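J.: The following file, data.cif, comprises mmCIF, C-alpha atoms:
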data_structure
loop_
_atom_site.label_atom_id
_atom_site.label_comp_id
_atom_site.auth_asym_id
_atom_site.auth_seq_id
_atom_site.Cartn_x
_atom_site.Cartn_y
_atom_site.Cartn_z
CA MET A 1 119.59 75.97 99.11
CA SER A 2 122.24 76.13 101.85
CA GLY A 3 124.97 73.57 102.37
CA PRO A 4 124.31 69.92 103.26
CA ARG A 5 122.09 69.70 106.34
CA TRP A 6 123.34 67.76 109.34
CA ASP A 7 119.83 66.60 110.28
CA VAL A 8 119.09 65.43 106.71
CA GLU A 9 122.16 64.54 104.60
CA GLY A 10 124.15 63.96 107.80
CA ARG A 11 121.58 61.70 109.43
CA ASN A 12 123.46 58.51 108.45
CA TRP A 13 126.90 60.10 108.12
CA PRO A 14 129.85 57.74 108.65
CA ASN A 15 131.25 57.94 112.21
CA ARG A 16 128.49 60.38 113.15
CA ASN A 17 129.00 59.62 116.85
CA ALA A 18 132.51 61.14 116.58
CA SER A 19 131.21 64.42 115.10
CA ARG A 20 131.13 67.80 116.78
CA PHE A 21 130.90 71.42 115.66
CA VAL A 22 133.64 73.91 116.58
CA ASP A 23 133.63 77.69 116.10
CA THR A 24 136.68 79.66 114.96
CA PRO A 25 136.81 83.18 113.44
CA GLY A 26 134.53 83.13 110.39
CA LEU A 27 133.88 79.39 110.48
CA LYS A 28 131.74 76.74 112.13
CA TRP A 29 133.62 73.49 111.57
CA HIS A 30 132.26 69.99 111.32
CA VAL A 31 135.04 67.87 112.79
CA GLN A 32 135.26 64.25 113.87
CA ILE A 33 137.44 63.30 116.85
CA ALA A 34 138.01 59.76 118.08
CA GLY A 35 140.49 57.75 120.14
CA GLU A 36 143.18 58.59 122.65
CA GLY A 37 146.92 59.17 122.44
CA PRO A 38 149.15 61.21 120.11
CA VAL A 39 147.20 63.30 117.62
CA ILE A 40 146.90 62.48 113.92
CA LEU A 41 145.19 65.04 111.66
CA LEU A 42 143.43 63.72 108.54
CA LEU A 43 142.75 66.12 105.65
CA HIS A 44 140.45 65.13 102.78
CA GLY A 45 140.82 66.28 99.17
CA THR A 46 138.81 68.63 96.95
CA GLY A 47 135.13 67.71 96.74
CA ALA A 48 135.21 65.25 99.65
CA ALA A 49 134.60 65.51 103.42
CA THR A 50 135.20 63.50 106.58
CA HIS A 51 133.53 60.45 105.02
CA SER A 52 136.68 60.05 102.91
CA TRP A 53 138.39 58.67 106.06
CA ARG A 54 135.33 56.70 107.22
CA ASP A 55 137.16 53.37 107.61
CA VAL A 56 140.66 54.74 108.29
CA LEU A 57 139.57 56.84 111.28
CA PRO A 58 138.34 53.98 113.54
CA LEU A 59 141.43 51.90 112.74
CA LEU A 60 143.79 54.71 113.74
CA ALA A 61 141.65 55.60 116.78
CA ARG A 62 142.73 52.34 118.41
CA HIS A 63 146.15 53.92 119.03
CA TYR A 64 145.80 57.67 118.41
CA THR A 65 143.56 60.68 118.88
CA VAL A 66 142.33 61.21 115.33
CA ILE A 67 141.00 64.59 114.14
CA ALA A 68 139.26 64.80 110.75
CA PRO A 69 137.56 68.07 109.71
CA ASP A 70 135.42 69.02 106.75
CA LEU A 71 137.51 71.66 105.00
CA PRO A 72 135.99 75.13 104.46
CA GLY A 73 133.57 75.15 101.53
CA HIS A 74 133.03 71.41 101.95
CA GLY A 75 130.61 69.11 103.69
CA PHE A 76 129.00 70.42 106.86
CA THR A 77 131.56 73.12 107.68
CA GLN A 78 130.04 76.59 107.33
CA GLY A 79 131.64 79.99 106.77
CA ARG A 80 134.73 81.21 104.99
CA PRO A 81 138.40 81.76 105.91
CA LYS A 82 139.69 85.33 105.82
CA GLN A 83 141.98 84.46 102.88
CA GLY A 84 139.30 82.50 101.04
CA LEU A 85 139.73 78.91 99.87
CA THR A 86 143.37 79.44 98.93
CA LEU A 87 146.16 77.16 100.09
CA ASN A 88 147.28 79.77 102.63
CA GLY A 89 143.69 80.40 103.71
CA MET A 90 142.98 76.73 104.32
CA ALA A 91 146.25 76.16 106.20
CA SER A 92 145.71 79.22 108.39
CA ALA A 93 142.10 78.25 109.14
CA LEU A 94 143.19 74.73 110.17
CA THR A 95 145.78 76.24 112.51
CA ASP A 96 142.93 78.21 114.13
CA LEU A 97 140.91 75.01 114.48
CA LEU A 98 143.77 73.15 116.17
CA ARG A 99 144.27 76.09 118.51
CA ALA A 100 140.57 76.03 119.42
CA LEU A 101 140.82 72.29 120.12
CA ASN A 102 144.09 72.81 122.04
CA ARG A 103 145.67 70.00 120.03
CA GLN A 104 148.92 69.75 118.07
CA PRO A 105 149.28 66.86 115.62
CA THR A 106 152.26 64.52 115.74
CA LEU A 107 151.51 63.53 112.12
CA ILE A 108 149.32 64.91 109.33
CA ALA A 109 147.92 62.69 106.59
CA GLY A 110 146.30 64.31 103.57
CA HIS A 111 144.65 63.03 100.43
CA SER A 112 145.21 64.81 97.10
CA ALA A 113 144.79 68.55 97.81
CA GLY A 114 144.78 67.70 101.52
CA ALA A 115 148.43 66.70 101.18
CA ALA A 116 149.21 70.14 99.75
CA ILE A 117 147.50 71.80 102.71
CA ALA A 118 149.47 69.61 105.13
CA LEU A 119 152.79 70.67 103.59
CA GLN A 120 151.72 74.32 103.59
CA MET A 121 150.81 74.03 107.29
CA VAL A 122 154.09 72.53 108.48
CA THR A 123 156.15 74.94 106.39
CA ALA A 124 154.20 78.04 107.46
CA GLN A 125 154.39 77.01 111.12
CA GLY A 126 158.07 76.10 110.93
CA VAL A 127 157.42 72.77 112.65
CA VAL A 128 158.87 69.35 111.88
CA THR A 129 155.73 67.22 111.73
CA PRO A 130 155.72 64.05 109.60
CA VAL A 131 153.37 64.19 106.61
CA VAL A 132 151.79 61.32 104.67
CA GLY A 133 150.31 62.26 101.29
CA PHE A 134 147.94 59.88 99.50
CA ASN A 135 147.85 60.47 95.72
CA PRO A 136 149.02 64.03 96.36
CA ALA A 137 148.20 66.98 94.10
CA LEU A 138 151.39 69.02 94.57
CA MET A 139 152.63 70.03 91.13
CA PRO A 140 151.14 72.05 88.23
CA PHE A 141 149.40 70.18 85.43
CA PRO A 142 151.64 69.53 82.43
CA GLY A 143 151.93 72.04 79.61
CA LEU A 144 149.23 74.59 78.87
CA ALA A 145 146.86 73.08 81.41
CA ALA A 146 148.96 74.67 84.16
CA LYS A 147 147.82 78.07 82.89
CA LEU A 148 144.38 77.21 81.53
CA PHE A 149 142.89 75.11 84.33
CA PRO A 150 142.82 77.76 87.09
CA SER A 151 141.33 80.28 84.65
CA LEU A 152 138.70 77.78 83.50
CA ALA A 153 137.80 76.91 87.09
CA LYS A 154 137.44 80.60 87.91
CA MET A 155 135.16 81.20 84.93
CA LEU A 156 133.00 78.24 85.90
CA PHE A 157 132.91 79.29 89.55
CA VAL A 158 131.68 82.82 88.88
CA ASN A 159 128.81 81.42 86.80
CA PRO A 160 126.18 80.63 89.46
CA PHE A 161 124.45 78.10 87.21
CA VAL A 162 127.45 75.75 86.94
CA PRO A 163 127.43 74.42 90.54
CA ARG A 164 123.65 74.01 90.31
CA MET A 165 124.00 72.11 87.03
CA LEU A 166 126.63 69.78 88.53
CA ALA A 167 124.41 69.18 91.55
CA ARG A 168 121.47 68.25 89.30
CA ILE A 169 123.65 65.78 87.40
CA ALA A 170 124.76 64.20 90.71
CA ARG A 171 121.10 63.53 91.55
CA ILE A 172 120.70 61.25 88.50
CA PRO A 173 120.60 57.69 89.89
CA GLY A 174 123.99 55.99 89.52
CA GLU A 175 125.73 59.02 88.03
CA THR A 176 127.87 59.83 91.09
CA GLY A 177 129.31 56.32 91.20
CA ARG A 178 130.01 56.36 87.45
CA PHE A 179 131.67 59.78 87.71
CA LEU A 180 133.91 58.70 90.61
CA ALA A 181 135.02 55.56 88.77
CA ARG A 182 135.88 57.55 85.62
CA ALA A 183 137.56 60.45 87.40
CA THR A 184 139.56 58.52 89.98
CA GLY A 185 140.07 54.97 88.72
CA SER A 186 138.80 53.72 92.09
CA GLN A 187 135.99 51.35 92.97
CA ILE A 188 134.63 52.28 96.40
CA ASP A 189 131.84 50.84 98.54
CA ALA A 190 128.17 51.81 98.45
CA LYS A 191 128.43 53.73 101.73
CA GLY A 192 131.15 55.93 100.26
CA ILE A 193 129.22 56.53 97.04
CA ALA A 194 126.12 57.49 99.05
CA ALA A 195 128.12 60.07 101.02
CA TYR A 196 129.60 61.57 97.84
CA GLU A 197 126.12 61.66 96.32
CA ALA A 198 124.74 63.54 99.35
CA LEU A 199 127.51 66.12 98.98
CA MET A 200 127.70 66.45 95.21
CA SER A 201 123.95 66.88 94.84
CA ASN A 202 124.26 70.09 96.90
CA HIS A 203 125.25 73.12 94.83
CA ARG A 204 126.98 74.90 97.73
CA HIS A 205 129.34 71.96 98.18
CA CYS A 206 129.99 71.84 94.41
CA GLY A 207 130.65 75.59 94.44
CA GLY A 208 133.09 75.24 97.33
CA ALA A 209 135.03 72.52 95.52
CA MET A 210 135.18 74.63 92.36
CA GLU A 211 136.28 77.72 94.27
CA MET A 212 139.02 75.72 95.94
CA MET A 213 140.28 74.54 92.54
CA ALA A 214 140.08 78.07 91.16
CA SER A 215 142.06 79.43 94.12
CA TRP A 216 144.84 76.82 94.05
CA ASP A 217 148.34 77.97 93.07
CA LEU A 218 150.36 74.81 92.52
CA GLU A 219 153.26 76.73 90.97
CA ALA A 220 153.75 78.59 94.26
CA LEU A 221 153.47 75.31 96.16
CA SER A 222 156.10 73.64 93.98
CA ARG A 223 158.50 76.47 94.86
CA LEU A 224 157.76 75.84 98.54
CA LEU A 225 158.55 72.11 98.49
CA PRO A 226 162.37 72.45 98.87
CA GLN A 227 161.70 74.33 102.14
CA VAL A 228 159.78 71.44 103.73
CA ALA A 229 161.76 70.36 106.80
CA SER A 230 159.37 67.56 107.77
CA PRO A 231 159.84 63.91 106.80
CA VAL A 232 157.34 63.08 104.07
CA LEU A 233 155.90 59.84 102.71
CA LEU A 234 154.14 60.18 99.36
CA LEU A 235 151.90 57.31 98.26
CA HIS A 236 150.68 57.10 94.69
CA SER A 237 148.48 54.47 93.04
CA SER A 238 149.20 52.76 89.75
CA GLY A 239 145.54 53.10 88.69
CA ASP A 240 145.13 56.80 89.59
CA THR A 241 143.44 58.58 86.67
CA ALA A 242 143.36 61.99 88.40
CA VAL A 243 147.00 62.74 89.33
CA PRO A 244 149.83 61.55 87.03
CA LEU A 245 152.68 59.58 88.61
CA ASN A 246 155.35 61.79 87.02
CA SER A 247 154.00 64.83 88.87
CA VAL A 248 154.32 62.99 92.20
CA GLU A 249 157.83 61.84 91.25
CA ARG A 250 158.84 65.44 90.51
CA ALA A 251 157.42 66.60 93.84
CA ALA A 252 159.25 63.84 95.72
CA LYS A 253 162.58 64.96 94.25
CA LEU A 254 162.00 68.52 95.47
CA ILE A 255 161.24 67.62 99.10
CA PRO A 256 164.49 67.12 101.04
CA ASP A 257 163.35 64.20 103.25
CA CYS A 258 160.86 62.30 101.12
CA ARG A 259 160.07 58.71 100.26
CA LEU A 260 157.72 57.72 97.43
CA GLU A 261 155.87 54.41 97.27
CA VAL A 262 153.54 53.24 94.50
CA LEU A 263 150.51 51.16 95.47
CA PRO A 264 149.59 48.59 92.81
CA THR A 265 146.11 48.31 91.25
CA LEU A 266 144.44 51.04 93.36
CA GLY A 267 143.06 54.37 92.10
CA HIS A 268 143.03 57.97 93.30
CA LEU A 269 140.86 57.02 96.30
CA ALA A 270 143.27 54.34 97.50
CA HIS A 271 142.67 55.13 101.17
CA GLU A 272 138.95 54.43 100.62
CA GLU A 273 139.55 51.25 98.64
CA ARG A 274 142.07 49.81 101.13
CA PRO A 275 141.60 51.61 104.46
CA ASP A 276 143.44 48.84 106.31
CA ARG A 277 146.53 49.36 104.15
CA ALA A 278 146.25 53.15 104.46
CA ALA A 279 146.02 52.97 108.27
CA ASP A 280 149.00 50.58 108.43
CA LEU A 281 151.13 52.92 106.30
CA ILE A 282 150.25 55.90 108.50
CA ARG A 283 150.98 53.94 111.69
CA MET A 284 154.33 52.65 110.41
CA PHE A 285 155.47 56.10 109.28
CA ALA A 286 154.41 57.60 112.60
CA ALA A 287 156.29 54.93 114.54
CA GLU A 288 159.38 55.48 112.44
CA LYS A 289 159.49 59.27 112.13
CA VAL A 290 157.79 60.62 115.25
CA GLY A 291 160.17 58.58 117.38
CA GLN A 292 163.15 59.98 115.50
CA ILE A 293 161.96 63.56 116.01
CA THR A 294 160.94 63.32 119.68
CA GLY A 295 163.13 60.51 120.92
CA GLU A 296 159.98 58.78 122.15
CA PRO A 297 157.86 56.03 120.55
CA ALA A 298 154.84 57.28 118.59
#
Give the structure from the file, written as structure tokens.

T.:
Amino acid sequence: MSGPRWDVEGRNWPNRNASRFVDTPGLKWHVQIAGEGPVILLLHGTGAATHSWRDVLPLLARHYTVIAPDLPGHGFTQGRPKQGLTLNGMASALTDLLRALNRQPTLIAGHSAGAAIALQMVTAQGVVTPVVGFNPALMPFPGLAAKLFPSLAKMLFVNPFVPRMLARIARIPGETGRFLARATGSQIDAKGIAAYEALMSNHRHCGGAMEMMASWDLEALSRLLPQVASPVLLLHSSGDTAVPLNSVERAAKLIPDCRLEVLPTLGHLAHEERPDRAADLIRMFAAEKVGQITGEPA
């Protein structure tokens, strides 16, 4: 089985009319583009795809050009970055995509691991681009897990039966929704659960998510955070069962220009639970920070 098929799993994909496919070295990207105006780049987290921003994208597109890709190894994007699914590899591949689109974002918003990629991008490029991170995964897991988790993910990834086993479990009726609720603390709509089910029941997508986790070096990222020159807004949720608040607090203290806000009652998928609130927070931060950087209103 290959990855999710655009003419099958993608037939009812959220915001399908905004989708296009873009070639860069080694990759054929699925990317959604909507709206007009300054560019906002939206980056999903591990195991997700463009559907993660399904209700945020049209809200932002009223005022901005919004670009939301499926990350390599995920969704309908095909191929592999030269540096693999590492933090550097993902950031470099996204820079290639933006170059192919001839677009430069005025703000990047990322969810979970997407926030880490956003910070890697702005630091590697040496640009001052505001970043909004929803429930960001930026710091190593506490204690021994910091050492054990990457090794465990690598062992699982190299076993070809593990992604297939996870995909079979995802095909059990209702299991994807139950898994998301347990793992994230979020309650999302049926359209979102259906999109996750279409992805997670495909072993290539599961394998890509596992490889991404196995390739992540959060210790290196934590050392990079004091070098971030961009203004950053980190948003964490009080009901997040995936990323602990203290790890986000530690990250916020390391970033020179950073504000942390805690969203009550929501879980790890806060931007899917309350897309209106997520879009408002992005818009407000863009209006505040982009204007400060450029001297012009966002």

J.: Quote the spacing between CA of Trp29 (chain A) and CA of Val228 (chain A) in Å to one decimal place.

T.: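 For CA of Trp29 (chain A) relative to CA of Val228 (chain A), the distance reads 27.4 Å.
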
J.: Could you list the residues chosen by the PyMOL selection byres ((chain A and resi 282) around 12) in this structure as an MDAnalysis selection string?

T.: chainID A and resid 40:42 56:57 59:61 63:64 66 106:110 130:134 232:235 271 275:281 283:290 298

J.: Please measure the separation of CA of Ala100 (chain A) and CA of Thr50 (chain A), giving the value in Å to one decimal.

T.: 18.7 Å

J.: Please list, as a PyMOL selection string, the residues that have an atom at most 12 Å away from (124.8, 60.3, 91.1) in the coordinates of this file, counting all atoms listed in the file.

T.: chain A and resi 166-181+190+192-202

J.: Report, in Å to a single decimal, how far apart CA of Lys191 (chain A) and CA of Lys28 (chain A) are.

T.: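 These two atoms are separated by 25.5 Å.
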
J.: Compile the contact shell of Pro25 (chain A) as a ChimeraX atom specification: residues with an atom at most 12 Å away, counting all atoms listed in the file, same-chain residues fewer than 2 positions apart removed.

T.: /A:22-23,27-29,78-83,92-97,99-100

J.: Would you please work out which residue, of A:Leu221, A:Asp189, A:Phe76, A:Pro105, is nearest to Arg5 (chain A) when using all atoms listed in the file?

T.: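 Ranking A:Leu221, A:Asp189, A:Phe76, A:Pro105 by distance to Arg5 (chain A), first place goes to A:Phe76.
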
J.: For region 262-268 of chain A, work out the shell of residues within 9 Å, counting all atoms listed in the file and skipping chain neighbours fewer than 4 positions away, then give it as a ChimeraX atom specification.

T.: /A:111-112,134-135,181,183-187,234-243,245,273-274

J.: Starting from the shown file, work through the PyMOL selection byres ((chain A and resi 68) around 10) and note down what comes out as a list of chain:residue names.

T.: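 For this structure, the PyMOL selection byres ((chain A and resi 68) around 10) captures A:Ala18, A:Ser19, A:His30, A:Val31, A:Gln32, A:Ile33, A:Ala34, A:Ile40, A:Leu41, A:Leu42, A:Leu43, A:His44, A:Ala49, A:Thr50, A:His51, A:Ser52, A:Trp53, A:Arg54, A:Leu57, A:Val66, A:Ile67, A:Pro69, A:Asp70, A:Leu71, A:Ala109.
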
J.: Give me a file of those residues, with C-alpha atoms, as a PDB file, in the coordinates of the input.

T.:
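This is the output file result-v5.pdb:
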ATOM      1  CA  ALA A  18     132.510  61.140 116.580  1.00  0.00           C
ATOM      2  CA  SER A  19     131.210  64.420 115.100  1.00  0.00           C
ATOM      3  CA  HIS A  30     132.260  69.990 111.320  1.00  0.00           C
ATOM      4  CA  VAL A  31     135.040  67.870 112.790  1.00  0.00           C
ATOM      5  CA  GLN A  32     135.260  64.250 113.870  1.00  0.00           C
ATOM      6  CA  ILE A  33     137.440  63.300 116.850  1.00  0.00           C
ATOM      7  CA  ALA A  34     138.010  59.760 118.080  1.00  0.00           C
ATOM      8  CA  ILE A  40     146.900  62.480 113.920  1.00  0.00           C
ATOM      9  CA  LEU A  41     145.190  65.040 111.660  1.00  0.00           C
ATOM     10  CA  LEU A  42     143.430  63.720 108.540  1.00  0.00           C
ATOM     11  CA  LEU A  43     142.750  66.120 105.650  1.00  0.00           C
ATOM     12  CA  HIS A  44     140.450  65.130 102.780  1.00  0.00           C
ATOM     13  CA  ALA A  49     134.600  65.510 103.420  1.00  0.00           C
ATOM     14  CA  THR A  50     135.200  63.500 106.580  1.00  0.00           C
ATOM     15  CA  HIS A  51     133.530  60.450 105.020  1.00  0.00           C
ATOM     16  CA  SER A  52     136.680  60.050 102.910  1.00  0.00           C
ATOM     17  CA  TRP A  53     138.390  58.670 106.060  1.00  0.00           C
ATOM     18  CA  ARG A  54     135.330  56.700 107.220  1.00  0.00           C
ATOM     19  CA  LEU A  57     139.570  56.840 111.280  1.00  0.00           C
ATOM     20  CA  VAL A  66     142.330  61.210 115.330  1.00  0.00           C
ATOM     21  CA  ILE A  67     141.000  64.590 114.140  1.00  0.00           C
ATOM     22  CA  PRO A  69     137.560  68.070 109.710  1.00  0.00           C
ATOM     23  CA  ASP A  70     135.420  69.020 106.750  1.00  0.00           C
ATOM     24  CA  LEU A  71     137.510  71.660 105.000  1.00  0.00           C
ATOM     25  CA  ALA A 109     147.920  62.690 106.590  1.00  0.00           C
TER      26      ALA A 109
END

J.: Taking all atoms of region 213-229 of chain A that the file lists, what box with edges along x, y and z, padded by 6 Å per side, do you get, with centre and edge lengths in Å to one decimal, as AutoDock Vina command-line options?

T.:
--center_x 151.2 --center_y 74.9 --center_z 98.9 --size_x 34.3 --size_y 21.1 --size_z 27.8

J.: On this structure, which residues satisfy the PyMOL selection byres ((chain A and resi 137) around 8), written as number ranges by chain?

T.: A: 112-113, 115-116, 135-136, 138-139, 243, 248

J.: Quick one: which region 157-233 of chain A residues come within 12 Å of region 117-121 of chain A, and what is the nearest atom pair for each with the distance in Å to one decimal, counting all atoms listed in the file, rows ordered by chain and ascending number, as JSON lines?

T.:
{"residue": "A:Met212", "atom": "CA", "partner": "A:Ile117", "partner_atom": "CA", "distance": 11.5}
{"residue": "A:Trp216", "atom": "CA", "partner": "A:Ile117", "partner_atom": "CA", "distance": 10.4}
{"residue": "A:Asp217", "atom": "CA", "partner": "A:Ile117", "partner_atom": "CA", "distance": 11.5}
{"residue": "A:Leu218", "atom": "CA", "partner": "A:Ile117", "partner_atom": "CA", "distance": 11.0}
{"residue": "A:Ala220", "atom": "CA", "partner": "A:Gln120", "partner_atom": "CA", "distance": 10.5}
{"residue": "A:Leu221", "atom": "CA", "partner": "A:Gln120", "partner_atom": "CA", "distance": 7.7}
{"residue": "A:Ser222", "atom": "CA", "partner": "A:Gln120", "partner_atom": "CA", "distance": 10.6}
{"residue": "A:Arg223", "atom": "CA", "partner": "A:Gln120", "partner_atom": "CA", "distance": 11.3}
{"residue": "A:Leu224", "atom": "CA", "partner": "A:Gln120", "partner_atom": "CA", "distance": 8.0}
{"residue": "A:Leu225", "atom": "CA", "partner": "A:Leu119", "partner_atom": "CA", "distance": 7.8}
{"residue": "A:Pro226", "atom": "CA", "partner": "A:Leu119", "partner_atom": "CA", "distance": 10.8}
{"residue": "A:Gln227", "atom": "CA", "partner": "A:Leu119", "partner_atom": "CA", "distance": 9.7}
{"residue": "A:Val228", "atom": "CA", "partner": "A:Leu119", "partner_atom": "CA", "distance": 7.0}
{"residue": "A:Ala229", "atom": "CA", "partner": "A:Leu119", "partner_atom": "CA", "distance": 9.5}
{"residue": "A:Ser230", "atom": "CA", "partner": "A:Leu119", "partner_atom": "CA", "distance": 8.4}
{"residue": "A:Pro231", "atom": "CA", "partner": "A:Leu119", "partner_atom": "CA", "distance": 10.3}
{"residue": "A:Val232", "atom": "CA", "partner": "A:Leu119", "partner_atom": "CA", "distance": 8.9}
{"residue": "A:Leu233", "atom": "CA", "partner": "A:Leu119", "partner_atom": "CA", "distance": 11.3}

J.: Just checking: using all atoms listed in the file, which residue out of A:Gly89, A:Asn15, A:Pro256, A:Ala251 ends up closest to Asp55 (chain A)?

T.: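 So, comparing all the options, the nearest one is A:Asn15.
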
J.: So, with only C-alpha atoms as the atoms that count, which of A:Gly126, A:Gly10, A:Pro38, A:Gly73 lies closest to Arg204 (chain A)?

T.: A:Gly73

J.: Grab region 70-92 of chain A from that structure and dump C-alpha atoms to a file, as a CSV table (one decimal), in the first residue's frame.

T.:
chain,number,residue,atom,x,y,z
A,70,ASP,CA,1.2,18.3,4.4
A,71,LEU,CA,4.7,17.8,6.0
A,72,PRO,CA,7.0,15.2,4.4
A,73,GLY,CA,6.0,11.7,5.5
A,74,HIS,CA,2.5,12.9,6.2
A,75,GLY,CA,-0.8,13.0,4.4
A,76,PHE,CA,-0.7,13.4,0.6
A,77,THR,CA,2.8,14.7,0.3
A,78,GLN,CA,5.1,12.2,-1.4
A,79,GLY,CA,8.9,11.8,-1.3
A,80,ARG,CA,11.6,12.5,1.2
A,81,PRO,CA,13.8,15.4,2.1
A,82,LYS,CA,17.5,15.0,1.6
A,83,GLN,CA,18.1,15.2,5.4
A,84,GLY,CA,15.2,12.8,6.2
A,85,LEU,CA,12.4,13.7,8.6
A,86,THR,CA,14.7,15.5,11.0
A,87,LEU,CA,14.1,19.0,12.3
A,88,ASN,CA,16.7,20.4,9.9
A,89,GLY,CA,15.4,18.3,7.0
A,90,MET,CA,11.8,19.5,7.5
A,91,ALA,CA,12.8,23.1,7.9
A,92,SER,CA,15.0,23.0,4.8
